[in-house]
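Below is protein08.tsv, holding TSV, C-alpha atoms.
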```tsv
chain	number	residue	atom	x	y	z
T	1	MET	CA	-13.44	-22.75	4.92
T	2	LEU	CA	-16.49	-20.92	3.62
T	3	VAL	CA	-18.47	-22.11	6.60
T	4	LEU	CA	-15.79	-20.79	8.91
T	5	ILE	CA	-15.77	-17.37	7.24
T	6	LEU	CA	-19.55	-17.24	7.35
T	7	SER	CA	-19.71	-18.14	11.00
T	8	VAL	CA	-17.01	-15.64	11.87
T	9	SER	CA	-18.75	-12.84	10.00
T	10	LEU	CA	-22.06	-13.82	11.54
T	11	SER	CA	-20.72	-13.65	15.06
T	12	LEU	CA	-19.02	-10.36	14.27
T	13	SER	CA	-22.19	-8.85	12.95
T	14	LEU	CA	-24.05	-10.06	16.04
T	15	ILE	CA	-21.50	-8.21	18.13
T	16	ALA	CA	-21.98	-5.13	15.98
T	17	CYS	CA	-25.68	-5.16	16.85
T	18	GLY	CA	-25.02	-5.31	20.56
T	19	ASN	CA	-22.62	-2.42	20.50
T	20	SER	CA	-24.79	0.42	21.68
T	21	ASN	CA	-22.37	1.33	24.44
T	22	GLN	CA	-19.00	0.36	25.70
T	23	ASN	CA	-20.14	-1.88	28.55
T	24	ASN	CA	-22.26	-3.77	26.16
T	25	GLN	CA	-19.34	-4.09	23.84
T	26	GLU	CA	-17.09	-5.52	26.50
T	27	GLU	CA	-19.74	-7.98	27.49
T	28	SER	CA	-20.17	-9.11	23.93
T	29	ALA	CA	-16.46	-9.35	23.66
T	30	LYS	CA	-16.39	-11.79	26.54
T	31	GLN	CA	-19.14	-13.88	25.03
T	32	HIS	CA	-17.25	-13.71	21.83
T	33	ASP	CA	-14.20	-15.22	23.51
T	34	HIS	CA	-16.25	-18.05	24.94
T	35	SER	CA	-18.04	-18.80	21.72
T	36	ALA	CA	-16.99	-21.66	19.53
T	37	MET	CA	-14.79	-19.59	17.29
T	38	SER	CA	-11.64	-21.03	15.89
T	39	HIS	CA	-8.42	-20.13	17.67
T	40	GLU	CA	-6.90	-18.96	14.49
T	41	ALA	CA	-9.55	-16.32	13.97
T	42	ASP	CA	-9.31	-15.35	17.62
T	43	HIS	CA	-5.64	-14.85	17.27
T	44	SER	CA	-5.78	-12.57	14.24
T	45	MET	CA	-8.67	-10.49	15.52
T	46	PRO	CA	-8.62	-9.76	19.23
T	47	THR	CA	-12.06	-8.67	20.32
T	48	GLY	CA	-12.98	-5.25	21.70
T	49	SER	CA	-10.14	-4.73	24.11
T	50	GLU	CA	-8.62	-1.72	25.87
T	51	MET	CA	-5.27	-0.37	24.84
T	52	SER	CA	-3.80	2.36	26.92
T	53	MET	CA	-1.13	4.67	25.52
T	54	GLU	CA	1.00	7.60	26.63
T	55	GLU	CA	-0.54	10.99	26.15
T	56	ASN	CA	1.43	12.94	23.58
T	57	LYS	CA	0.52	16.07	21.67
T	58	SER	CA	3.20	15.68	19.02
T	59	SER	CA	1.07	13.18	17.08
T	60	THR	CA	-1.81	15.68	16.71
T	61	ASP	CA	-1.13	16.70	13.09
T	62	LEU	CA	-0.80	13.10	11.98
T	63	ILE	CA	-3.99	12.01	13.74
T	64	ASP	CA	-5.86	15.03	12.34
T	65	ALA	CA	-4.74	14.16	8.82
T	66	TYR	CA	-5.61	10.47	9.26
T	67	LEU	CA	-9.09	11.31	10.54
T	68	ALA	CA	-9.66	13.87	7.76
T	69	LEU	CA	-8.79	11.11	5.32
T	70	LYS	CA	-11.20	8.76	7.04
T	71	THR	CA	-14.02	11.33	6.87
T	72	ALA	CA	-13.33	12.01	3.18
T	73	LEU	CA	-13.54	8.29	2.37
T	74	VAL	CA	-16.75	7.92	4.40
T	75	GLN	CA	-18.19	10.67	2.17
T	76	ASP	CA	-16.85	9.07	-1.05
T	77	ASP	CA	-14.91	12.29	-1.62
T	78	SER	CA	-11.78	11.31	-3.53
T	79	LYS	CA	-10.52	14.87	-3.87
T	80	ALA	CA	-10.70	15.62	-0.15
T	81	ALA	CA	-9.05	12.25	0.49
T	82	ALA	CA	-6.20	13.21	-1.84
T	83	ASN	CA	-5.70	16.46	0.07
T	84	ALA	CA	-5.73	14.65	3.39
T	85	GLY	CA	-3.25	12.08	2.04
T	86	GLN	CA	-0.93	14.90	1.06
T	87	LYS	CA	-1.28	16.46	4.52
T	88	LEU	CA	-0.56	13.11	6.14
T	89	ALA	CA	2.59	12.67	4.05
T	90	GLU	CA	3.73	16.15	5.04
T	91	ALA	CA	2.93	15.59	8.72
T	92	THR	CA	5.27	12.58	8.81
T	93	SER	CA	8.25	14.93	8.55
T	94	GLY	CA	6.78	17.28	11.15
T	95	LEU	CA	6.91	14.75	13.96
T	96	ASP	CA	9.74	15.46	16.38
T	97	ILE	CA	11.30	12.16	17.38
T	98	SER	CA	14.42	13.54	19.04
T	99	THR	CA	12.93	12.99	22.51
T	100	PHE	CA	12.86	9.20	22.04
T	101	ASP	CA	15.83	6.92	22.59
T	102	VAL	CA	17.79	5.84	19.52
T	103	PRO	CA	16.42	2.31	18.94
T	104	LYS	CA	12.90	3.66	19.27
T	105	GLN	CA	13.71	6.45	16.82
T	106	ALA	CA	14.67	3.84	14.25
T	107	VAL	CA	11.36	2.01	14.67
T	108	ILE	CA	9.42	5.27	14.42
T	109	LYS	CA	11.34	6.34	11.32
T	110	GLU	CA	10.47	3.08	9.57
T	111	ILE	CA	6.80	3.57	10.34
T	112	LEU	CA	6.86	7.20	9.20
T	113	GLU	CA	8.53	6.23	5.94
T	114	VAL	CA	5.73	3.79	5.18
T	115	LEU	CA	3.00	6.23	6.23
T	116	LYS	CA	4.54	8.90	4.03
T	117	GLU	CA	4.45	6.63	1.02
T	118	HIS	CA	0.85	5.64	1.69
T	119	GLY	CA	-0.05	9.34	1.96
T	120	GLU	CA	1.70	10.20	-1.29
T	121	HIS	CA	-0.09	7.42	-3.13
T	122	ILE	CA	-3.44	8.47	-1.72
T	123	ALA	CA	-2.73	12.00	-2.97
T	124	LYS	CA	-2.59	10.77	-6.57
T	125	SER	CA	-4.99	7.81	-6.78
T	126	GLU	CA	-8.62	7.13	-7.52
T	127	ILE	CA	-10.89	6.25	-4.65
T	128	GLU	CA	-10.72	2.44	-4.52
T	129	HIS	CA	-6.96	2.63	-4.55
T	130	GLN	CA	-7.07	5.33	-1.87
T	131	ARG	CA	-9.14	2.96	0.25
T	132	GLU	CA	-6.65	0.14	-0.22
T	133	HIS	CA	-3.84	2.38	0.97
T	134	PHE	CA	-5.92	3.73	3.83
T	135	GLU	CA	-6.73	0.22	5.03
T	136	GLY	CA	-3.14	-0.85	4.46
T	137	MET	CA	-1.76	1.92	6.67
T	138	THR	CA	-4.11	1.47	9.61
T	139	LYS	CA	-1.92	-1.13	11.29
T	140	ASP	CA	1.16	1.03	10.73
T	141	PHE	CA	-0.69	3.99	12.16
T	142	MET	CA	-1.63	2.07	15.29
T	143	ASP	CA	1.97	0.91	15.64
T	144	LEU	CA	3.04	4.54	15.43
T	145	LEU	CA	0.65	5.53	18.20
T	146	THR	CA	1.94	2.66	20.33
T	147	GLN	CA	5.41	4.19	19.96
T	148	VAL	CA	4.72	7.90	20.27
T	149	GLY	CA	1.39	8.06	22.11
T	150	THR	CA	-1.91	9.68	21.25
T	151	ASP	CA	-3.62	12.97	22.04
T	152	ARG	CA	-7.17	11.59	22.10
T	153	THR	CA	-9.20	8.44	22.52
T	154	LEU	CA	-9.53	6.47	19.29
T	155	TYR	CA	-11.49	3.39	18.32
T	156	GLN	CA	-10.23	0.67	16.05
T	157	GLN	CA	-13.17	-0.53	13.99
T	158	TYR	CA	-13.47	-3.55	11.76
T	159	CYS	CA	-15.69	-4.59	8.87
T	160	PRO	CA	-15.46	-8.27	7.88
T	161	MET	CA	-16.91	-7.67	4.42
T	162	TYR	CA	-14.02	-5.62	3.04
T	163	ASN	CA	-11.57	-7.04	0.50
T	164	LYS	CA	-13.75	-9.97	-0.59
T	165	GLY	CA	-14.42	-11.06	2.96
T	166	ASN	CA	-10.85	-10.75	4.24
T	167	GLY	CA	-11.93	-7.82	6.36
T	168	GLY	CA	-10.48	-4.38	6.95
T	169	SER	CA	-9.79	-2.04	9.87
T	170	TRP	CA	-9.64	1.70	10.46
T	171	LEU	CA	-9.43	4.15	13.33
T	172	SER	CA	-12.20	6.51	14.30
T	173	ALA	CA	-12.55	9.33	16.83
T	174	SER	CA	-16.05	8.22	17.77
T	175	GLN	CA	-17.56	4.85	18.56
T	176	GLU	CA	-20.26	5.30	15.97
T	177	ILE	CA	-19.62	3.23	12.84
T	178	LYS	CA	-19.18	5.15	9.59
T	179	ASN	CA	-17.38	2.90	7.20
T	180	PRO	CA	-14.58	4.56	5.16
T	181	LEU	CA	-13.74	1.36	3.25
T	182	PHE	CA	-17.15	1.15	1.58
T	183	GLY	CA	-18.48	4.70	2.05
T	184	SER	CA	-22.11	5.09	1.04
T	185	LYS	CA	-22.19	1.54	-0.37
T	186	MET	CA	-22.13	0.02	3.11
T	187	LEU	CA	-21.87	2.86	5.59
T	188	ASN	CA	-22.78	0.83	8.65
T	189	CYS	CA	-20.63	-2.25	8.25
T	190	GLY	CA	-18.36	-2.66	11.21
T	191	SER	CA	-17.87	-2.88	14.95
T	192	VAL	CA	-15.44	-1.54	17.54
T	193	LYS	CA	-12.54	-3.94	18.08
T	194	GLU	CA	-10.33	-1.93	20.35
T	195	THR	CA	-10.42	1.28	22.34
T	196	ILE	CA	-7.19	3.23	22.35
T	197	SER	CA	-7.20	5.51	25.35
T	198	MET	CA	-4.68	7.72	27.10
T	199	LYS	CA	-3.00	6.76	30.34
A	1	MET	CA	5.68	23.95	-51.24
A	2	ARG	CA	6.37	27.32	-49.78
A	3	LYS	CA	9.89	28.24	-48.86
A	4	TRP	CA	9.38	28.31	-45.07
A	5	HIS	CA	7.85	24.83	-45.25
A	6	ARG	CA	11.05	23.54	-46.75
A	7	VAL	CA	13.11	25.31	-44.11
A	8	ALA	CA	10.95	23.88	-41.31
A	9	LEU	CA	11.25	20.34	-42.69
A	10	GLY	CA	14.98	20.78	-43.01
A	11	VAL	CA	15.29	21.94	-39.40
A	12	LEU	CA	13.15	19.06	-38.18
A	13	PHE	CA	15.32	16.61	-40.07
A	14	ILE	CA	18.51	18.05	-38.63
A	15	VAL	CA	17.05	17.96	-35.10
A	16	LEU	CA	15.90	14.34	-35.51
A	17	VAL	CA	19.31	13.28	-36.76
A	18	GLY	CA	21.04	15.39	-34.12
A	19	ILE	CA	19.23	13.89	-31.15
A	20	GLN	CA	20.30	10.40	-32.19
A	21	PHE	CA	23.75	11.30	-30.94
A	22	ILE	CA	22.58	12.21	-27.46
A	23	PRO	CA	22.97	8.98	-25.51
A	24	ILE	CA	20.48	7.70	-22.93
A	25	GLN	CA	21.69	6.65	-19.51
A	26	ARG	CA	21.50	2.91	-19.70
A	27	ASN	CA	20.04	1.07	-16.73
A	28	GLU	CA	22.28	-1.99	-16.94
A	29	THR	CA	24.19	-2.74	-13.76
A	30	GLU	CA	26.08	-5.95	-14.35
A	31	ILE	CA	26.48	-7.21	-10.82
A	32	VAL	CA	23.35	-8.61	-9.22
A	33	SER	CA	23.27	-7.26	-5.67
A	34	ASN	CA	22.57	-9.36	-2.56
A	35	ALA	CA	19.50	-7.24	-2.00
A	36	ASP	CA	18.04	-8.41	-5.32
A	37	PHE	CA	14.55	-9.86	-4.93
A	38	ILE	CA	15.02	-13.08	-6.90
A	39	GLU	CA	18.49	-13.58	-5.43
A	40	SER	CA	17.22	-13.16	-1.85
A	41	TYR	CA	13.98	-15.11	-1.96
A	42	GLN	CA	14.81	-17.70	-4.60
A	43	PRO	CA	11.23	-18.11	-5.85
A	44	PRO	CA	10.32	-21.26	-7.81
A	45	ILE	CA	11.81	-21.08	-11.31
A	46	ASP	CA	8.57	-20.33	-13.16
A	47	ILE	CA	7.69	-17.58	-10.68
A	48	GLY	CA	11.17	-16.11	-10.95
A	49	TYR	CA	10.88	-16.16	-14.72
A	50	MET	CA	7.54	-14.34	-14.65
A	51	ILE	CA	8.87	-11.68	-12.28
A	52	GLN	CA	11.95	-11.28	-14.41
A	53	SER	CA	10.14	-10.96	-17.72
A	54	SER	CA	7.14	-8.95	-16.49
A	55	CYS	CA	8.71	-6.61	-13.93
A	56	TYR	CA	12.48	-6.34	-14.12
A	57	ASP	CA	12.81	-4.11	-17.18
A	58	CYS	CA	11.32	-1.15	-15.29
A	59	HIS	CA	11.68	-2.22	-11.65
A	60	SER	CA	15.30	-3.26	-11.34
A	61	ASN	CA	18.79	-2.07	-12.22
A	62	GLN	CA	18.87	-4.55	-15.11
A	63	THR	CA	16.85	-3.44	-18.11
A	64	LYS	CA	16.94	-5.56	-21.25
A	65	TYR	CA	16.66	-2.88	-23.88
A	66	PRO	CA	14.73	-3.38	-27.13
A	67	TRP	CA	16.44	-2.21	-30.36
A	68	TYR	CA	14.22	0.85	-30.64
A	69	SER	CA	15.65	2.20	-27.41
A	70	ASN	CA	18.45	3.42	-29.66
A	71	VAL	CA	16.01	5.58	-31.60
A	72	GLN	CA	15.37	8.98	-30.04
A	73	PRO	CA	13.13	10.29	-28.67
A	74	ILE	CA	11.76	6.79	-27.93
A	75	GLY	CA	14.82	5.96	-25.82
A	76	TRP	CA	14.23	9.03	-23.69
A	77	LEU	CA	10.64	8.01	-23.17
A	78	LEU	CA	11.78	4.58	-21.99
A	79	GLN	CA	14.36	6.14	-19.70
A	80	ASN	CA	11.59	8.19	-18.16
A	81	HIS	CA	9.38	5.11	-17.62
A	82	ILE	CA	12.25	3.21	-16.06
A	83	SER	CA	13.26	5.91	-13.60
A	84	GLU	CA	9.63	6.36	-12.60
A	85	GLY	CA	9.21	2.60	-12.19
A	86	LYS	CA	12.35	2.30	-10.09
A	87	SER	CA	11.33	5.13	-7.80
A	88	GLU	CA	8.16	3.19	-6.95
A	89	LEU	CA	9.81	-0.20	-6.67
A	90	ASN	CA	13.35	-1.32	-7.33
A	91	LEU	CA	13.56	-5.10	-7.06
A	92	SER	CA	17.36	-4.97	-7.28
A	93	GLU	CA	17.39	-3.19	-3.92
A	94	PHE	CA	14.36	-4.83	-2.34
A	95	GLY	CA	16.37	-6.48	0.42
A	96	ASN	CA	17.46	-3.10	1.77
A	97	LEU	CA	13.92	-2.10	2.74
A	98	SER	CA	12.53	-2.44	6.25
A	99	ASN	CA	10.15	-5.35	6.83
A	100	ARG	CA	7.34	-2.88	7.19
A	101	MET	CA	8.15	-1.34	3.82
A	102	LYS	CA	8.53	-4.77	2.20
A	103	ARG	CA	5.07	-5.68	3.39
A	104	MET	CA	3.65	-2.50	1.92
A	105	LYS	CA	5.44	-2.96	-1.40
A	106	ILE	CA	4.30	-6.56	-1.76
A	107	ASN	CA	0.71	-5.63	-0.96
A	108	SER	CA	0.95	-2.98	-3.67
A	109	ILE	CA	2.42	-5.49	-6.11
A	110	ILE	CA	-0.48	-7.84	-5.42
A	111	SER	CA	-3.12	-5.19	-5.97
A	112	GLN	CA	-1.43	-3.85	-9.11
A	113	ILE	CA	-1.33	-7.32	-10.65
A	114	ALA	CA	-4.86	-8.17	-9.54
A	115	ASP	CA	-6.22	-4.93	-11.04
A	116	ASP	CA	-4.31	-5.42	-14.32
A	117	LYS	CA	-2.47	-2.14	-13.74
A	118	MET	CA	0.86	-3.96	-13.96
A	119	PRO	CA	2.66	-5.05	-16.05
A	120	HIS	CA	1.75	-1.83	-17.82
A	121	PRO	CA	-0.51	-2.40	-20.87
A	122	SER	CA	1.81	-0.40	-23.14
A	123	TYR	CA	4.72	-2.56	-22.02
A	124	VAL	CA	2.83	-5.80	-22.65
A	125	LEU	CA	1.97	-4.54	-26.14
A	126	MET	CA	5.68	-4.52	-27.00
A	127	HIS	CA	6.73	-7.52	-24.86
A	128	SER	CA	4.42	-10.47	-25.43
A	129	ASP	CA	6.35	-12.63	-22.94
A	130	ALA	CA	5.49	-10.16	-20.19
A	131	LYS	CA	1.78	-10.81	-20.55
A	132	LEU	CA	0.13	-12.42	-17.52
A	133	ASP	CA	-2.97	-14.47	-18.27
A	134	SER	CA	-5.39	-15.17	-15.44
A	135	LEU	CA	-3.63	-18.42	-14.51
A	136	LYS	CA	-0.23	-16.76	-14.29
A	137	LYS	CA	-1.73	-13.88	-12.38
A	138	ALA	CA	-3.27	-16.21	-9.81
A	139	HIS	CA	0.00	-18.10	-9.52
A	140	LEU	CA	2.01	-14.92	-8.93
A	141	ILE	CA	-0.47	-13.42	-6.50
A	142	ASN	CA	-0.47	-16.67	-4.58
A	143	TYR	CA	3.30	-16.54	-4.32
A	144	PHE	CA	3.38	-12.92	-3.13
A	145	ASP	CA	0.57	-13.65	-0.69
A	146	SER	CA	2.59	-16.41	0.92
A	147	LEU	CA	5.70	-14.24	0.97
A	148	VAL	CA	4.04	-11.30	2.68
A	149	ASN	CA	3.50	-13.36	5.84
A	150	ASN	CA	7.29	-13.49	6.28
A	151	PHE	CA	7.33	-9.78	6.99
A	152	ASP	CA	4.57	-9.68	9.54
A	153	LYS	CA	6.85	-8.71	12.36
```

Turn this file's structure into structure tokens for me.
Amino acid sequence: MLVLILSVSLSLSLIACGNSNQNNQEESAKQHDHSAMSHEADHSMPTGSEMSMEENKSSTDLIDAYLALKTALVQDDSKAAANAGQKLAEATSGLDISTFDVPKQAVIKEILEVLKEHGEHIAKSEIEHQREHFEGMTKDFMDLLTQVGTDRTLYQQYCPMYNKGNGGSWLSASQEIKNPLFGSKMLNCGSVKETISMK
Amino acid sequence: MRKWHRVALGVLFIVLVGIQFIPIQRNETEIVSNADFIESYQPPIDIGYMIQSSCYDCHSNQTKYPWYSNVQPIGWLLQNHISEGKSELNLSEFGNLSNRMKRMKINSIISQIADDKMPHPSYVLMHSDAKLDSLKKAHLINYFDSLVNNFDK
């Protein structure tokens, strides 16, 4: 098992090195697919792929708050993170979902509920706990964008070292890696896994 | 002793006696709901016992009150703890949450146990059976880890 984890993190860090631009990244991603990685790992972590979403301005406040939170954690600034968490929690009630059909509204509501709770906890926690919540909500946040669309291009980034080697993801507005899960302790750990662009 | 000292002591005494007659709202629903965590997921007996004795007093609708809950203002303090605990996580109503929320709650449970934040140190002080040693902790975390995969989609 240890060997597997080591080899996975090694290949991931190799990809991180080759990531100077997007073409490079896609190329590495292909090599990555052909490499002798286990299928299980492949399944849980798709490599740098494209994900195209509807363009939608209504998610702007939420994305702004999420990215402010990310920046605060990159800078090890727990207070700014708490503020951003509060803003994020507030922005969940500002999203107008009336334009979506009813089943979709239900899905979106569930996601917003969870994001709100993450935001509220971040508003009142110390930094390591804020980071846990931030990492925990990233998947929910991506699911939300899949439902409602995005107003800008975002990059899903991944650092295999987080959470005792279980890895952790976040979204960023730029391709450049600035790690919010470790902050100054390991600012450069990570690579782009997915590009979320607008249709 | 000055006169106003005696008056103050007298007033304090009357207040302390008086508040004993203000009842606390007791958190003791008798019927276990279908949404109850242990009822729904039927964990192995030892796991269920740990969850019951370490979590349920503050995170369910079934508190087992200690005798001193009848002494005010301690009872009020407990009531406060319980309502706060239930607003974060109510295991009696766990089944009513969306899968997404369940996943979040269980991840929080895992990190709270792992970081020794829960069961709360002040609670463990008064309830020795709620204490989780490292073996029990590992056992519980393992269980919750395996459960969380059920809510992946």

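Residues with any atom within 12 Å of A:Met126, counting only C-alpha atoms and excluding same-chain neighbours fewer than 4 positions away, are Ser54, Tyr65, Pro66, Trp67, Tyr68, Pro119, His120, Pro121, Ser122, Ala130 and Lys131 of chain A.
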
* Grab the atom CA of T:Gly119 to atom CA of T:Tyr162 distance for me, in Å with one decimal place. =>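 Taking atom CA of T:Gly119 as the start and atom CA of T:Tyr162 as the end point, the length is 20.5 Å.
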
Emit as JSON the padded axis-aligned box for all listed atoms of stretch 124-128 of chain T, 8 Å per side, with centre and edge lengths in Å to one decimal.
```
{"center_x": -6.7, "center_y": 6.6, "center_z": -6.0, "size_x": 24.3, "size_y": 24.3, "size_z": 19.0}
```

* Tell me, in Å to one decimal, how far atom CA of T:Glu117 is from atom CA of A:Ser111. =>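 Taking atom CA of T:Glu117 and atom CA of A:Ser111, their separation equals 15.7 Å.
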
* Which of A:Met104, A:Tyr49, A:Asn99, A:Ile82 sits closest to A:Thr63 [using only C-alpha atoms] ->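 Residue with the minimum atom-to-atom distance to A:Thr63: A:Ile82.
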
* Asked: What does the distance from atom CA of T:Gly149 to atom CA of T:Met198 come to in Å, to one decimal?
  -> 7.9 Å

For T:Glu50, please output as an mmCIF file with C-alpha atoms, in the frame of the given file all residues within 10 Å (counting all atoms listed in the file; exclusion window: fewer than 5 positions along the same chain).
```cif
data_model
loop_
_atom_site.group_PDB
_atom_site.id
_atom_site.type_symbol
_atom_site.label_atom_id
_atom_site.label_comp_id
_atom_site.auth_asym_id
_atom_site.auth_seq_id
_atom_site.Cartn_x
_atom_site.Cartn_y
_atom_site.Cartn_z
ATOM 1 C CA GLU T 26 -17.090 -5.520 26.500
ATOM 2 C CA TYR T 155 -11.490 3.390 18.320
ATOM 3 C CA LYS T 193 -12.540 -3.940 18.080
ATOM 4 C CA GLU T 194 -10.330 -1.930 20.350
ATOM 5 C CA THR T 195 -10.420 1.280 22.340
ATOM 6 C CA ILE T 196 -7.190 3.230 22.350
ATOM 7 C CA SER T 197 -7.200 5.510 25.350
#
```

* Asked: With only C-alpha atoms as the atoms that count, which of A:Val11, A:Leu125, A:Leu132, A:Leu91 lies nearest to A:Val32?
  ->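 Counting only C-alpha atoms, the residue closest to A:Val32 is A:Leu91.
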
Output as a CSV table (one decimal) with C-alpha atoms, keeping the file's coordinate frame the set of chain T residues within 8 Å of chain A, with distances taken over all atoms listed in the file.
```
chain,number,residue,atom,x,y,z
T,110,GLU,CA,10.5,3.1,9.6
T,111,ILE,CA,6.8,3.6,10.3
T,113,GLU,CA,8.5,6.2,5.9
T,114,VAL,CA,5.7,3.8,5.2
T,136,GLY,CA,-3.1,-0.8,4.5
```

* Which residue gives the smallest distance to T:Gly183 among T:Glu54, T:Asp64, T:Glu128, T:Glu120, with all atoms listed in the file counted? ->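 Looking at the shortest contact to T:Gly183, the residue is T:Glu128.
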
* Asked: If we count all atoms listed in the file, what is near T:Val148 at a cut-off of 10 Å, once residues fewer than 2 positions away on the same chain are taken out, given as a PyMOL selection string?
  -> chain T and resi 53-59+95-97+99-100+104-105+108+142-146+150-151

Next, write the just-selected residues to a file, as a compact mmCIF listing (two decimals), in the frame of the given file, keeping C-alpha atoms as the atom set.
```txt
# COMPACT_ATOMS: atom_id res chain seq x y z
CA MET T 53 -1.13 4.67 25.52
CA GLU T 54 1.00 7.60 26.63
CA GLU T 55 -0.54 10.99 26.15
CA ASN T 56 1.43 12.94 23.58
CA LYS T 57 0.52 16.07 21.67
CA SER T 58 3.20 15.68 19.02
CA SER T 59 1.07 13.18 17.08
CA LEU T 95 6.91 14.75 13.96
CA ASP T 96 9.74 15.46 16.38
CA ILE T 97 11.30 12.16 17.38
CA THR T 99 12.93 12.99 22.51
CA PHE T 100 12.86 9.20 22.04
CA LYS T 104 12.90 3.66 19.27
CA GLN T 105 13.71 6.45 16.82
CA ILE T 108 9.42 5.27 14.42
CA MET T 142 -1.63 2.07 15.29
CA ASP T 143 1.97 0.91 15.64
CA LEU T 144 3.04 4.54 15.43
CA LEU T 145 0.65 5.53 18.20
CA THR T 146 1.94 2.66 20.33
CA THR T 150 -1.91 9.68 21.25
CA ASP T 151 -3.62 12.97 22.04
```

* Anything within 12 Å of (18.4, 6.7, -32.9): list those residues as a list in words, counting all atoms listed in the file and sticking to the file's coordinates. =>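 Residues lying no farther than 12 Å from the given point: Val15, Leu16, Val17, Gly18, Ile19, Gln20, Phe21, Ile22, Pro23, Ile24, Trp67, Tyr68, Ser69, Asn70, Val71, Gln72, Pro73, Ile74, Gly75 and Trp76 of chain A.
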
Can you tell me, as a CSV table (one decimal) with C-alpha atoms, in the coordinates of the input, what residues are no more than 10 Å from T:Gln156 when counting only C-alpha atoms, ignoring any on the same chain fewer than 4 positions away?
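Just written: around20.csv:
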```csv
chain,number,residue,atom,x,y,z
T,48,GLY,CA,-13.0,-5.2,21.7
T,49,SER,CA,-10.1,-4.7,24.1
T,138,THR,CA,-4.1,1.5,9.6
T,139,LYS,CA,-1.9,-1.1,11.3
T,142,MET,CA,-1.6,2.1,15.3
T,169,SER,CA,-9.8,-2.0,9.9
T,170,TRP,CA,-9.6,1.7,10.5
T,171,LEU,CA,-9.4,4.2,13.3
T,172,SER,CA,-12.2,6.5,14.3
T,173,ALA,CA,-12.6,9.3,16.8
T,174,SER,CA,-16.0,8.2,17.8
T,175,GLN,CA,-17.6,4.8,18.6
T,191,SER,CA,-17.9,-2.9,15.0
T,192,VAL,CA,-15.4,-1.5,17.5
T,193,LYS,CA,-12.5,-3.9,18.1
T,194,GLU,CA,-10.3,-1.9,20.4
T,195,THR,CA,-10.4,1.3,22.3
T,196,ILE,CA,-7.2,3.2,22.4
```

* Do a neighbour search on A:Glu30 at 12 Å with all atoms listed in the file, toss out local chain neighbours closer than 5 positions, and write the hits as a PyMOL selection string. => chain A and resi 60-64+92

* Asked: Pick the closest to T:Asn166 from T:Ile63, T:Val107, T:Glu135, T:Leu154: which is it, counting all atoms listed in the file?
  ->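 Among the listed residues, T:Glu135 lies closest to T:Asn166.
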